[in-house]
file final36.pdb (PDB, C-alpha atoms, pLDDT in the B column)
ATOM      1  CA  MET A   5     135.419  63.417 -69.460  1.00 91.00           C
ATOM      2  CA  LYS A   6     138.918  62.071 -68.949  1.00 96.00           C
ATOM      3  CA  LEU A   7     141.112  61.885 -65.876  1.00 97.00           C
ATOM      4  CA  GLU A   8     144.781  60.966 -66.139  1.00 96.00           C
ATOM      5  CA  THR A   9     146.859  59.356 -63.403  1.00 96.00           C
ATOM      6  CA  GLU A  10     150.422  58.087 -63.532  1.00 94.00           C
ATOM      7  CA  ARG A  11     149.506  54.832 -65.341  1.00 96.00           C
ATOM      8  CA  LEU A  12     145.813  55.159 -66.191  1.00 97.00           C
ATOM      9  CA  ILE A  13     143.272  57.103 -68.185  1.00 97.00           C
ATOM     10  CA  LEU A  14     139.787  57.179 -66.646  1.00 98.00           C
ATOM     11  CA  ARG A  15     137.408  58.126 -69.441  1.00 98.00           C
ATOM     12  CA  ASP A  16     133.750  58.233 -70.311  1.00 98.00           C
ATOM     13  CA  PHE A  17     132.426  54.985 -71.710  1.00 98.00           C
ATOM     14  CA  VAL A  18     131.702  54.579 -75.420  1.00 97.00           C
ATOM     15  CA  GLU A  19     129.253  52.099 -76.984  1.00 96.00           C
ATOM     16  CA  ASP A  20     131.924  49.604 -78.061  1.00 96.00           C
ATOM     17  CA  ASP A  21     133.183  49.148 -74.493  1.00 96.00           C
ATOM     18  CA  TRP A  22     130.550  46.468 -73.861  1.00 94.00           C
ATOM     19  CA  GLN A  23     132.867  43.754 -75.230  1.00 94.00           C
ATOM     20  CA  ALA A  24     135.658  44.427 -72.741  1.00 94.00           C
ATOM     21  CA  MET A  25     133.132  44.755 -69.905  1.00 92.00           C
ATOM     22  CA  LEU A  26     131.481  41.454 -70.822  1.00 92.00           C
ATOM     23  CA  ALA A  27     134.872  39.720 -70.931  1.00 91.00           C
ATOM     24  CA  TYR A  28     136.022  40.721 -67.456  1.00 91.00           C
ATOM     25  CA  THR A  29     132.620  40.452 -65.765  1.00 89.00           C
ATOM     26  CA  SER A  30     132.425  36.845 -66.994  1.00 89.00           C
ATOM     27  CA  ASP A  31     135.724  35.875 -65.346  1.00 90.00           C
ATOM     28  CA  PRO A  32     135.201  33.375 -62.471  1.00 89.00           C
ATOM     29  CA  LEU A  33     137.498  35.413 -60.187  1.00 91.00           C
ATOM     30  CA  TYR A  34     135.413  38.537 -60.789  1.00 90.00           C
ATOM     31  CA  LEU A  35     132.247  36.561 -60.133  1.00 88.00           C
ATOM     32  CA  ARG A  36     133.487  35.377 -56.734  1.00 89.00           C
ATOM     33  CA  TYR A  37     132.133  38.574 -55.084  1.00 88.00           C
ATOM     34  CA  ASN A  38     129.784  39.864 -57.765  1.00 82.00           C
ATOM     35  CA  ASP A  39     126.351  38.891 -58.945  1.00 75.00           C
ATOM     36  CA  PRO A  40     126.615  37.545 -62.511  1.00 68.00           C
ATOM     37  CA  ILE A  41     124.265  40.169 -63.929  1.00 62.00           C
ATOM     38  CA  GLU A  42     126.278  41.131 -66.993  1.00 56.00           C
ATOM     39  CA  GLY A  43     126.462  37.610 -68.480  1.00 68.00           C
ATOM     40  CA  THR A  44     125.132  38.453 -71.945  1.00 80.00           C
ATOM     41  CA  LYS A  45     125.928  40.841 -74.767  1.00 85.00           C
ATOM     42  CA  GLU A  46     122.540  42.524 -74.291  1.00 88.00           C
ATOM     43  CA  ARG A  47     123.059  43.013 -70.560  1.00 86.00           C
ATOM     44  CA  ALA A  48     126.560  44.443 -71.057  1.00 88.00           C
ATOM     45  CA  GLN A  49     125.213  46.820 -73.718  1.00 91.00           C
ATOM     46  CA  GLU A  50     122.437  47.860 -71.332  1.00 91.00           C
ATOM     47  CA  PHE A  51     125.001  48.731 -68.632  1.00 89.00           C
ATOM     48  CA  ILE A  52     127.020  50.780 -71.097  1.00 94.00           C
ATOM     49  CA  GLY A  53     123.774  52.476 -72.155  1.00 95.00           C
ATOM     50  CA  TRP A  54     123.155  53.587 -68.544  1.00 94.00           C
ATOM     51  CA  PHE A  55     126.652  55.080 -68.377  1.00 96.00           C
ATOM     52  CA  LEU A  56     126.146  56.861 -71.714  1.00 97.00           C
ATOM     53  CA  ALA A  57     122.821  58.303 -70.494  1.00 97.00           C
ATOM     54  CA  GLN A  58     124.485  59.581 -67.286  1.00 96.00           C
ATOM     55  CA  GLN A  59     126.991  61.491 -69.431  1.00 96.00           C
ATOM     56  CA  LYS A  60     124.140  63.577 -70.888  1.00 97.00           C
ATOM     57  CA  GLU A  61     122.472  64.525 -67.599  1.00 96.00           C
ATOM     58  CA  GLU A  62     122.459  68.202 -66.634  1.00 95.00           C
ATOM     59  CA  PRO A  63     123.758  68.774 -64.118  1.00 95.00           C
ATOM     60  CA  ARG A  64     125.835  65.656 -64.220  1.00 96.00           C
ATOM     61  CA  ILE A  65     125.915  63.936 -60.819  1.00 97.00           C
ATOM     62  CA  LYS A  66     127.101  60.460 -61.846  1.00 97.00           C
ATOM     63  CA  PHE A  67     130.531  59.794 -63.306  1.00 97.00           C
ATOM     64  CA  GLN A  68     131.098  56.112 -64.086  1.00 97.00           C
ATOM     65  CA  LEU A  69     134.380  55.997 -66.003  1.00 98.00           C
ATOM     66  CA  ALA A  70     136.214  53.255 -67.871  1.00 98.00           C
ATOM     67  CA  ILE A  71     139.644  52.465 -66.427  1.00 98.00           C
ATOM     68  CA  THR A  72     142.157  52.114 -69.262  1.00 98.00           C
ATOM     69  CA  LEU A  73     145.890  51.553 -69.293  1.00 98.00           C
ATOM     70  CA  LYS A  74     147.726  54.659 -70.417  1.00 96.00           C
ATOM     71  CA  SER A  75     150.347  52.503 -72.168  1.00 96.00           C
ATOM     72  CA  ASN A  76     147.980  50.803 -74.637  1.00 97.00           C
ATOM     73  CA  GLY A  77     144.396  51.997 -74.054  1.00 96.00           C
ATOM     74  CA  LEU A  78     143.209  48.571 -72.844  1.00 97.00           C
ATOM     75  CA  LEU A  79     139.981  48.779 -70.805  1.00 98.00           C
ATOM     76  CA  ILE A  80     140.622  46.966 -67.513  1.00 98.00           C
ATOM     77  CA  GLY A  81     137.650  48.001 -65.385  1.00 96.00           C
ATOM     78  CA  ASN A  82     135.605  50.956 -64.256  1.00 96.00           C
ATOM     79  CA  CYS A  83     135.189  53.295 -61.326  1.00 98.00           C
ATOM     80  CA  GLY A  84     132.782  56.020 -60.471  1.00 97.00           C
ATOM     81  CA  VAL A  85     131.599  58.667 -58.082  1.00 98.00           C
ATOM     82  CA  ARG A  86     127.907  59.473 -57.760  1.00 97.00           C
ATOM     83  CA  MET A  87     125.467  61.624 -55.869  1.00 97.00           C
ATOM     84  CA  ASP A  88     121.845  60.583 -55.437  1.00 95.00           C
ATOM     85  CA  GLU A  89     120.603  64.126 -56.017  1.00 95.00           C
ATOM     86  CA  VAL A  90     121.869  67.596 -56.876  1.00 95.00           C
ATOM     87  CA  ASN A  91     123.364  69.472 -53.892  1.00 93.00           C
ATOM     88  CA  SER A  92     123.741  66.328 -51.810  1.00 96.00           C
ATOM     89  CA  VAL A  93     126.242  66.499 -48.958  1.00 97.00           C
ATOM     90  CA  GLU A  94     127.399  62.951 -49.682  1.00 98.00           C
ATOM     91  CA  ALA A  95     128.602  60.941 -52.666  1.00 98.00           C
ATOM     92  CA  ASN A  96     129.599  57.307 -53.050  1.00 98.00           C
ATOM     93  CA  ILE A  97     132.241  55.537 -55.054  1.00 98.00           C
ATOM     94  CA  GLY A  98     132.567  52.126 -56.608  1.00 97.00           C
ATOM     95  CA  TYR A  99     135.128  50.340 -58.726  1.00 97.00           C
ATOM     96  CA  GLU A 100     135.742  46.996 -60.376  1.00 95.00           C
ATOM     97  CA  LEU A 101     138.762  45.619 -62.141  1.00 96.00           C
ATOM     98  CA  ASP A 102     139.490  42.822 -64.567  1.00 96.00           C
ATOM     99  CA  PRO A 103     141.040  40.056 -62.413  1.00 96.00           C
ATOM    100  CA  LYS A 104     143.912  39.802 -64.901  1.00 96.00           C
ATOM    101  CA  HIS A 105     145.011  43.204 -63.602  1.00 97.00           C
ATOM    102  CA  TRP A 106     144.572  42.678 -59.859  1.00 95.00           C
ATOM    103  CA  ASN A 107     147.509  43.208 -57.483  1.00 95.00           C
ATOM    104  CA  HIS A 108     149.179  45.938 -59.535  1.00 96.00           C
ATOM    105  CA  GLY A 109     147.764  48.898 -57.608  1.00 95.00           C
ATOM    106  CA  TYR A 110     145.452  49.950 -60.449  1.00 97.00           C
ATOM    107  CA  ALA A 111     142.270  49.890 -58.346  1.00 97.00           C
ATOM    108  CA  THR A 112     143.903  52.042 -55.664  1.00 96.00           C
ATOM    109  CA  GLU A 113     145.297  54.460 -58.254  1.00 96.00           C
ATOM    110  CA  ALA A 114     141.924  54.828 -59.980  1.00 97.00           C
ATOM    111  CA  ALA A 115     140.030  55.096 -56.681  1.00 97.00           C
ATOM    112  CA  HIS A 116     142.389  57.790 -55.349  1.00 96.00           C
ATOM    113  CA  ALA A 117     141.703  59.861 -58.460  1.00 97.00           C
ATOM    114  CA  ILE A 118     137.935  59.337 -58.406  1.00 97.00           C
ATOM    115  CA  VAL A 119     137.623  60.227 -54.698  1.00 97.00           C
ATOM    116  CA  ASP A 120     139.673  63.403 -55.163  1.00 96.00           C
ATOM    117  CA  PHE A 121     137.687  64.275 -58.299  1.00 97.00           C
ATOM    118  CA  GLY A 122     134.448  63.677 -56.380  1.00 97.00           C
ATOM    119  CA  PHE A 123     135.387  66.039 -53.570  1.00 97.00           C
ATOM    120  CA  ALA A 124     136.617  68.674 -56.037  1.00 96.00           C
ATOM    121  CA  ARG A 125     133.650  68.390 -58.426  1.00 95.00           C
ATOM    122  CA  PHE A 126     130.790  68.035 -55.963  1.00 96.00           C
ATOM    123  CA  GLY A 127     132.086  69.796 -52.847  1.00 96.00           C
ATOM    124  CA  VAL A 128     130.516  67.104 -50.680  1.00 97.00           C
ATOM    125  CA  HIS A 129     131.181  66.628 -46.978  1.00 98.00           C
ATOM    126  CA  ARG A 130     131.788  62.875 -47.207  1.00 98.00           C
ATOM    127  CA  ILE A 131     132.261  60.043 -49.679  1.00 98.00           C
ATOM    128  CA  THR A 132     131.162  56.512 -48.877  1.00 98.00           C
ATOM    129  CA  ALA A 133     131.740  53.055 -50.307  1.00 98.00           C
ATOM    130  CA  ASP A 134     130.561  49.569 -49.542  1.00 97.00           C
ATOM    131  CA  CYS A 135     131.938  46.148 -50.330  1.00 96.00           C
ATOM    132  CA  ILE A 136     131.274  42.507 -49.625  1.00 96.00           C
ATOM    133  CA  ALA A 137     132.902  41.784 -46.259  1.00 97.00           C
ATOM    134  CA  GLU A 138     134.772  38.740 -47.577  1.00 96.00           C
ATOM    135  CA  ASN A 139     136.338  40.752 -50.422  1.00 96.00           C
ATOM    136  CA  THR A 140     139.616  41.516 -48.658  1.00 95.00           C
ATOM    137  CA  GLY A 141     141.127  43.035 -51.818  1.00 95.00           C
ATOM    138  CA  SER A 142     138.446  45.709 -51.919  1.00 96.00           C
ATOM    139  CA  VAL A 143     138.726  46.258 -48.167  1.00 97.00           C
ATOM    140  CA  HIS A 144     142.461  46.946 -48.608  1.00 97.00           C
ATOM    141  CA  VAL A 145     141.767  49.467 -51.390  1.00 97.00           C
ATOM    142  CA  LEU A 146     139.269  51.362 -49.231  1.00 97.00           C
ATOM    143  CA  GLU A 147     141.679  51.423 -46.303  1.00 97.00           C
ATOM    144  CA  LYS A 148     144.491  52.679 -48.575  1.00 95.00           C
ATOM    145  CA  LEU A 149     142.160  55.556 -49.482  1.00 96.00           C
ATOM    146  CA  GLY A 150     142.053  56.544 -45.820  1.00 96.00           C
ATOM    147  CA  MET A 151     138.411  55.523 -45.543  1.00 98.00           C
ATOM    148  CA  LYS A 152     137.181  54.480 -42.122  1.00 98.00           C
ATOM    149  CA  LEU A 153     135.014  51.455 -41.415  1.00 98.00           C
ATOM    150  CA  GLU A 154     131.633  52.743 -40.248  1.00 98.00           C
ATOM    151  CA  GLY A 155     129.712  49.530 -39.983  1.00 98.00           C
ATOM    152  CA  ARG A 156     128.810  46.051 -41.063  1.00 98.00           C
ATOM    153  CA  LEU A 157     125.436  45.246 -42.575  1.00 97.00           C
ATOM    154  CA  ARG A 158     124.737  41.631 -41.764  1.00 97.00           C
ATOM    155  CA  GLU A 159     123.269  39.496 -44.549  1.00 97.00           C
ATOM    156  CA  HIS A 160     122.782  42.626 -46.606  1.00 94.00           C
ATOM    157  CA  LYS A 161     123.002  41.267 -50.164  1.00 92.00           C
ATOM    158  CA  TYR A 162     121.628  38.082 -51.604  1.00 91.00           C
ATOM    159  CA  PHE A 163     123.169  36.429 -54.639  1.00 86.00           C
ATOM    160  CA  LYS A 164     124.692  33.085 -55.544  1.00 85.00           C
ATOM    161  CA  ASP A 165     122.098  31.370 -53.345  1.00 89.00           C
ATOM    162  CA  ARG A 166     123.367  32.908 -50.126  1.00 92.00           C
ATOM    163  CA  TRP A 167     123.422  36.048 -47.985  1.00 96.00           C
ATOM    164  CA  TRP A 168     126.520  38.254 -47.843  1.00 95.00           C
ATOM    165  CA  ASP A 169     127.561  40.826 -45.250  1.00 97.00           C
ATOM    166  CA  SER A 170     128.555  44.297 -46.502  1.00 97.00           C
ATOM    167  CA  LEU A 171     131.045  46.712 -44.983  1.00 98.00           C
ATOM    168  CA  ILE A 172     130.390  50.464 -45.097  1.00 98.00           C
ATOM    169  CA  TYR A 173     133.353  52.843 -45.356  1.00 98.00           C
ATOM    170  CA  ALA A 174     133.554  56.640 -45.537  1.00 98.00           C
ATOM    171  CA  VAL A 175     136.036  59.491 -45.635  1.00 98.00           C
ATOM    172  CA  LEU A 176     135.245  63.075 -44.661  1.00 98.00           C
ATOM    173  CA  ALA A 177     136.457  66.015 -46.753  1.00 98.00           C
ATOM    174  CA  SER A 178     138.747  67.174 -43.927  1.00 97.00           C
ATOM    175  CA  GLU A 179     140.258  63.686 -43.589  1.00 97.00           C
ATOM    176  CA  TRP A 180     140.742  63.479 -47.350  1.00 97.00           C
ATOM    177  CA  GLU A 181     142.726  66.721 -47.428  1.00 94.00           C
ATOM    178  CA  VAL A 182     145.202  65.293 -44.912  1.00 94.00           C
ATOM    179  CA  HIS A 183     145.303  61.883 -46.649  1.00 93.00           C
ATOM    180  CA  LYS A 184     145.960  63.190 -50.134  1.00 89.00           C
ATOM    181  CA  GLN A 185     148.869  65.352 -48.964  1.00 85.00           C
ATOM    182  CA  SER A 186     150.608  62.390 -47.342  1.00 83.00           C
ATOM    183  CA  HIS A 187     149.875  60.025 -50.248  1.00 78.00           C
ATOM    184  CA  LEU A 188     150.660  62.374 -53.151  1.00 73.00           C
ATOM    185  CA  VAL A 189     147.340  61.837 -54.906  1.00 76.00           C
ATOM    186  CA  GLN A 190     147.960  63.078 -58.429  1.00 83.00           C
ATOM    187  CA  TRP A 191     145.616  63.246 -61.376  1.00 87.00           C
ATOM    188  CA  LYS A 192     144.520  65.796 -63.906  1.00 88.00           C
ATOM    189  CA  GLU A 193     141.457  66.332 -66.005  1.00 86.00           C
ATOM    190  CA  ILE A 194     142.099  66.125 -69.735  1.00 84.00           C
ATOM    191  CA  ASN A 195     140.023  68.285 -72.047  1.00 78.00           C
ATOM    192  CA  ASP A 196     139.792  66.958 -75.601  1.00 66.00           C
TER     193      ASP A 196
END
call {"tool": "encode", "arguments": {"input": "final36.pdb", "output": "structure tokens"}}
result
Amino acid sequence: MKLETERLILRDFVEDDWQAMLAYTSDPLYLRYNDPIEGTKERAQEFIGWFLAQQKEEPRIKFQLAITLKSNGLLIGNCGVRMDEVNSVEANIGYELDPKHWNHGYATEAAHAIVDFGFARFGVHRITADCIAENTGSVHVLEKLGMKLEGRLREHKYFKDRWWDSLIYAVLASEWEVHKQSHLVQWKEIND
């Protein structure tokens, strides 16, 4: 599976991607709003193994894709769209990016493509996302996607010896159709 945007290729993970994932998930800036769960080679390989297993599921309802730069193939993060079960009316998205590549619009570009792909592929009524409330960068990405804030879960996640609030966002299929027309969401699926 590959999706192409203006500057990115979103592709299925391969086994060797664990090294790039381990590098960016070990960055102190990344760890500011993330639990340091990937900290070892074995853990990074385990994560990649989950993504590889999802690729083989029939029907496939989880697409966690590596974000790579179209210019040089460098893996700079990942994004995904997932349903909990076949024929669900709802999916959720998530994304993460190597801090070295923050503030270039890559997360927004990848997320636009993955949301549009999710609606097209699954035919769901809504797509949701959540983020740590203090992660203003992620909040801005979700708002750029036209997602609406639906709520705040107080002290929802515990890591780094403290509780964190989470924000819940969602966009309905009808809202997405309007949003993508005004924001020229462009991507295409590449068949190898």
call {"tool": "residues_around", "arguments": {"input": "final36.pdb", "residues": "range 134-139 of chain A", "least_positions_apart": "2", "cutoff": "10 Å", "atoms": "all atoms listed in the file", "output": "PyMOL selection string"}}
result
chain A and resi 36-38+96-99+132+141-144+146+153-161+168-174
call {"tool": "resolve_selection", "arguments": {"input": "final36.pdb", "expression": "the PyMOL selection byres ((chain A and resi 94) around 9)", "output": "list of chain:residue names"}}
result
A:Arg86, A:Met87, A:Asp88, A:Asn91, A:Ser92, A:Val93, A:Ala95, A:Asn96, A:Phe126, A:Gly127, A:Val128, A:His129, A:Arg130, A:Ile131, A:Thr132
call {"tool": "residues_near_point", "arguments": {"input": "final36.pdb", "point": "(151.8, 51.5, -72.2)", "cutoff": "12 Å", "atoms": "all atoms listed in the file", "output": "ChimeraX atom specification"}}
result
/A:10-13,72-78
call {"tool": "atom_distance", "arguments": {"input": "final36.pdb", "atom1": "CA of Leu176 in chain A", "atom2": "CA of Gln59 in chain A"}}
result
26.2 Å
call {"tool": "atom_distance", "arguments": {"input": "final36.pdb", "atom1": "CA of Ile194 in chain A", "atom2": "CA of Phe121 in chain A"}}
result
12.4 Å
call {"tool": "atom_distance", "arguments": {"input": "final36.pdb", "atom1": "CA of Phe51 in chain A", "atom2": "CA of Pro103 in chain A"}}
result
19.3 Å
call {"tool": "closest_residue", "arguments": {"input": "final36.pdb", "among": "A:Gly150, A:Glu113, A:Leu79, A:Leu14", "to": "Gln185 in chain A", "atoms": "all atoms listed in the file"}}
result
A:Gly150
call {"tool": "resolve_selection", "arguments": {"input": "final36.pdb", "expression": "the PyMOL selection byres ((chain A and resi 66) around 8)", "output": "VMD selection string"}}
result
chain A and resid 58 to 59 64 to 65 67 to 68 84 to 87
call {"tool": "write_last_selection", "arguments": {"input": "final36.pdb", "atoms": "C-alpha atoms", "output": "PDB file, in the coordinates of the input"}}
result
ATOM      1  CA  GLN A  58     124.485  59.581 -67.286  1.00 96.00           C
ATOM      2  CA  GLN A  59     126.991  61.491 -69.431  1.00 96.00           C
ATOM      3  CA  ARG A  64     125.835  65.656 -64.220  1.00 96.00           C
ATOM      4  CA  ILE A  65     125.915  63.936 -60.819  1.00 97.00           C
ATOM      5  CA  PHE A  67     130.531  59.794 -63.306  1.00 97.00           C
ATOM      6  CA  GLN A  68     131.098  56.112 -64.086  1.00 97.00           C
ATOM      7  CA  GLY A  84     132.782  56.020 -60.471  1.00 97.00           C
ATOM      8  CA  VAL A  85     131.599  58.667 -58.082  1.00 98.00           C
ATOM      9  CA  ARG A  86     127.907  59.473 -57.760  1.00 97.00           C
ATOM     10  CA  MET A  87     125.467  61.624 -55.869  1.00 97.00           C
TER      11      MET A  87
END
call {"tool": "residues_around", "arguments": {"input": "final36.pdb", "residues": "Trp106 in chain A", "least_positions_apart": "6", "cutoff": "12 Å", "atoms": "all atoms listed in the file", "output": "count of residues only"}}
result
11
call {"tool": "resolve_selection", "arguments": {"input": "final36.pdb", "expression": "the PyMOL selection byres ((chain A and resi 178-184) around 9)", "output": "VMD selection string"}}
result
chain A and resid 116 119 to 120 123 129 to 130 149 to 151 175 to 177 185 to 190
call {"tool": "write_last_selection", "arguments": {"input": "final36.pdb", "atoms": "C-alpha atoms", "output": "compact mmCIF listing (two decimals), in the frame of the given file"}}
result
# COMPACT_ATOMS: atom_id res chain seq x y z
CA HIS A 116 142.39 57.79 -55.35
CA VAL A 119 137.62 60.23 -54.70
CA ASP A 120 139.67 63.40 -55.16
CA PHE A 123 135.39 66.04 -53.57
CA HIS A 129 131.18 66.63 -46.98
CA ARG A 130 131.79 62.88 -47.21
CA LEU A 149 142.16 55.56 -49.48
CA GLY A 150 142.05 56.54 -45.82
CA MET A 151 138.41 55.52 -45.54
CA VAL A 175 136.04 59.49 -45.64
CA LEU A 176 135.24 63.08 -44.66
CA ALA A 177 136.46 66.02 -46.75
CA GLN A 185 148.87 65.35 -48.96
CA SER A 186 150.61 62.39 -47.34
CA HIS A 187 149.88 60.02 -50.25
CA LEU A 188 150.66 62.37 -53.15
CA VAL A 189 147.34 61.84 -54.91
CA GLN A 190 147.96 63.08 -58.43
call {"tool": "closest_residue", "arguments": {"input": "final36.pdb", "among": "A:Arg15, A:Lys45, A:Lys148, A:Lys6", "to": "Ala27 in chain A", "atoms": "all atoms listed in the file"}}
result
A:Lys45
call {"tool": "residues_around", "arguments": {"input": "final36.pdb", "residues": "Thr44 in chain A", "least_positions_apart": "5", "cutoff": "9 Å", "atoms": "only C-alpha atoms", "output": "ChimeraX atom specification"}}
result
/A:26,30,49
call {"tool": "write_last_selection", "arguments": {"input": "final36.pdb", "atoms": "C-alpha atoms", "output": "PDB file, keeping the file's coordinate frame"}}
result
ATOM      1  CA  LEU A  26     131.481  41.454 -70.822  1.00 92.00           C
ATOM      2  CA  SER A  30     132.425  36.845 -66.994  1.00 89.00           C
ATOM      3  CA  GLN A  49     125.213  46.820 -73.718  1.00 91.00           C
TER       4      GLN A  49
END
call {"tool": "axis_aligned_box", "arguments": {"input": "final36.pdb", "around": "range 58-66 of chain A", "padding_each_side": "8 Å", "output": "AutoDock Vina command-line options"}}
result
--center_x 124.8 --center_y 64.2 --center_z -65.9 --size_x 20.6 --size_y 25.2 --size_z 26.1
call {"tool": "closest_residue", "arguments": {"input": "final36.pdb", "among": "A:Lys152, A:Lys164, A:Arg47, A:Lys104", "to": "Leu35 in chain A", "atoms": "all atoms listed in the file"}}
result
A:Lys164
call {"tool": "closest_residue", "arguments": {"input": "final36.pdb", "among": "A:Glu46, A:Asp39, A:Asp165, A:Glu89", "to": "Gln23 in chain A", "atoms": "all atoms listed in the file"}}
result
A:Glu46
call {"tool": "residues_near_point", "arguments": {"input": "final36.pdb", "point": "(129.4, 48.6, -78.2)", "cutoff": "9 Å", "atoms": "all atoms listed in the file", "output": "ChimeraX atom specification"}}
result
/A:18-23,48-49,52
call {"tool": "closest_residue", "arguments": {"input": "final36.pdb", "among": "A:Thr140, A:Lys192, A:Phe17, A:Lys60", "to": "Ala114 in chain A", "atoms": "all atoms listed in the file"}}
result
A:Lys192
